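So the structure is just underneath, and the comments pick up after that.
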Amino acid sequence: MEEPVIEFHLNDRSGTSPYQQLVQQVRHALRLGLLDEGDQLPTVKEVARQVAVNPNTVLKAYRELEHEGLVAARPGVGTFVTRTLADSSLAAHGPLRQDLRRWLAKARLAGLDDESIEALFMTTFRTAAGEDIA
């Protein structure tokens with residue numbers, strides 16, 4: 001069997017439900033070009049075992065992705081990507097990723113741990129997007 005093209009991870013402290021985290025991770029992989037049309041997602045059982053959630057949680061995520069037209073389930077075969085979210089901006093990702101890696105290195109040198117880095121990024125992102133921060 002092939003290696004899975006996506007590996008899921010759950011963050012208990014994110015404030016986002018496990019099923020929604022799975023949906024977001026597939027969307028991100030589609031947007032970044034990590035998943036392409038025709039790629040097979042890991043089985044519900046594989047994901048449930050990997051991230052230690054109820055299989056119904058994974059099923060709910062896969063159903064939402066199917067409802068959005070991003071994947072299609074083939075009974076007895078698996079769940080496959082039917083369209084991607086990558087766009088022409090994909091070429092800009094490489095240089096931006098390098099800049100972000102440099103920024104992450106500076107943040108770590110300044111003594112920030114992963115949770116602090118994530119909080120700083122998300123707060124700045126939301127502020128820049130014009131959202132209120134509670």
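FYI, nothing fancy with the structure tokens labels: chains A, B, ... in order, residues from 1 per chain, ligands from 1 as they appear.
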>> So that I can see what lies close to A:Ser116, please list as a list in words the residues with an atom at most 12 Å from it, counting only C-alpha atoms and leaving out residues fewer than 6 positions away in the same chain.
In response: Leu104, Ala107, Arg108, Ala110, Met122 and Thr123 of chain A
Those same residues - N, CA and C atoms - I'd like them written as a short mmCIF file (atom, residue, chain, number, x, y, z; two decimals), in the first residue's frame.
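Ended up saving to result-v4.cif:
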data_model
loop_
_atom_site.label_atom_id
_atom_site.label_comp_id
_atom_site.auth_asym_id
_atom_site.auth_seq_id
_atom_site.Cartn_x
_atom_site.Cartn_y
_atom_site.Cartn_z
N LEU A 104 10.21 32.25 12.17
CA LEU A 104 10.07 31.24 13.23
C LEU A 104 11.39 31.05 13.98
N ALA A 107 11.81 33.93 16.29
CA ALA A 107 10.89 33.82 17.43
C ALA A 107 11.43 32.81 18.45
N ARG A 108 11.97 31.70 17.97
CA ARG A 108 12.53 30.70 18.89
C ARG A 108 13.78 31.24 19.59
N ALA A 110 14.24 34.22 20.34
CA ALA A 110 13.75 35.19 21.32
C ALA A 110 13.14 34.49 22.54
N MET A 122 -1.48 34.10 15.31
CA MET A 122 -2.93 34.17 15.13
C MET A 122 -3.49 35.53 15.54
N THR A 123 -2.97 36.10 16.62
CA THR A 123 -3.41 37.42 17.05
C THR A 123 -3.09 38.46 15.98
#
> Which of chain A counts as helix (DSSP H, G or I) under DSSP, as a ChimeraX atom specification please?
Replying inline: /A:18-31,44-51,55-67,88-109,114-128
> Which parts of stretch 54-127 of chain A does DSSP call strand (DSSP E) when run on the backbone here, written out as an MDAnalysis selection string?
Replying inline: chainID A and resid 71:74 78:81
Take the residues that were just selected and, keeping C-alpha atoms, output them as a PDB file, in the first residue's frame.
ATOM      1  CA  VAL A  71     -13.763  14.567  -2.111  1.00  0.00           C
ATOM      2  CA  ALA A  72     -15.896  11.616  -3.175  1.00  0.00           C
ATOM      3  CA  ALA A  73     -16.369   8.350  -1.331  1.00  0.00           C
ATOM      4  CA  ARG A  74     -16.262   5.171  -3.385  1.00  0.00           C
ATOM      5  CA  GLY A  78     -11.954   4.712  -0.297  1.00  0.00           C
ATOM      6  CA  THR A  79     -12.302   8.477  -0.328  1.00  0.00           C
ATOM      7  CA  PHE A  80     -10.658  10.381  -3.170  1.00  0.00           C
ATOM      8  CA  VAL A  81      -9.903  14.045  -3.869  1.00  0.00           C
TER       9      VAL A  81
END
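If only C-alpha atoms are the atoms counted, then among A:Glu115, A:Glu64, A:Asp12, A:Glu7 the closest residue to A:Leu35 is A:Glu7.
In this structure, atom CA of A:Gly38 sits 14.4 Å away from atom CA of A:Ala86.
The closest residue to A:Pro55, picked from A:Thr43, A:Arg97, A:Gln21, A:Gly15 and counting only C-alpha atoms, is A:Thr43.
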> Using only C-alpha atoms, which residues sit within 8 Å of A:Val23 once same-chain residues fewer than 6 positions away are excluded, as number ranges by chain?
Replying inline: A: 61-62, 64-65
> Which residue, A:Lys106, A:Gly94, A:Val26, A:Ser89, has the smallest gap to A:Glu68 when you use only C-alpha atoms?
Replying inline: A:Val26
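Shell of A:Ala52 at 12 Å, with only C-alpha atoms counted and residues fewer than 3 places along the chain excluded, is Phe8, His9, Leu10, Asn11, Asp12, Pro18, Tyr19, Val44, Lys45, Glu46, Val47, Ala48, Arg49, Pro55, Asn56, Thr57 and Val58 of chain A.
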> Just how far from atom CA of A:Gly69 is atom CA of A:Leu30, in Å to one decimal?
Replying inline: 12.2 Å
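Proximity of A:Gly76, A:Thr84, A:Arg13, A:Leu59 to A:Asp39, computed with only C-alpha atoms, is greatest for A:Thr84.
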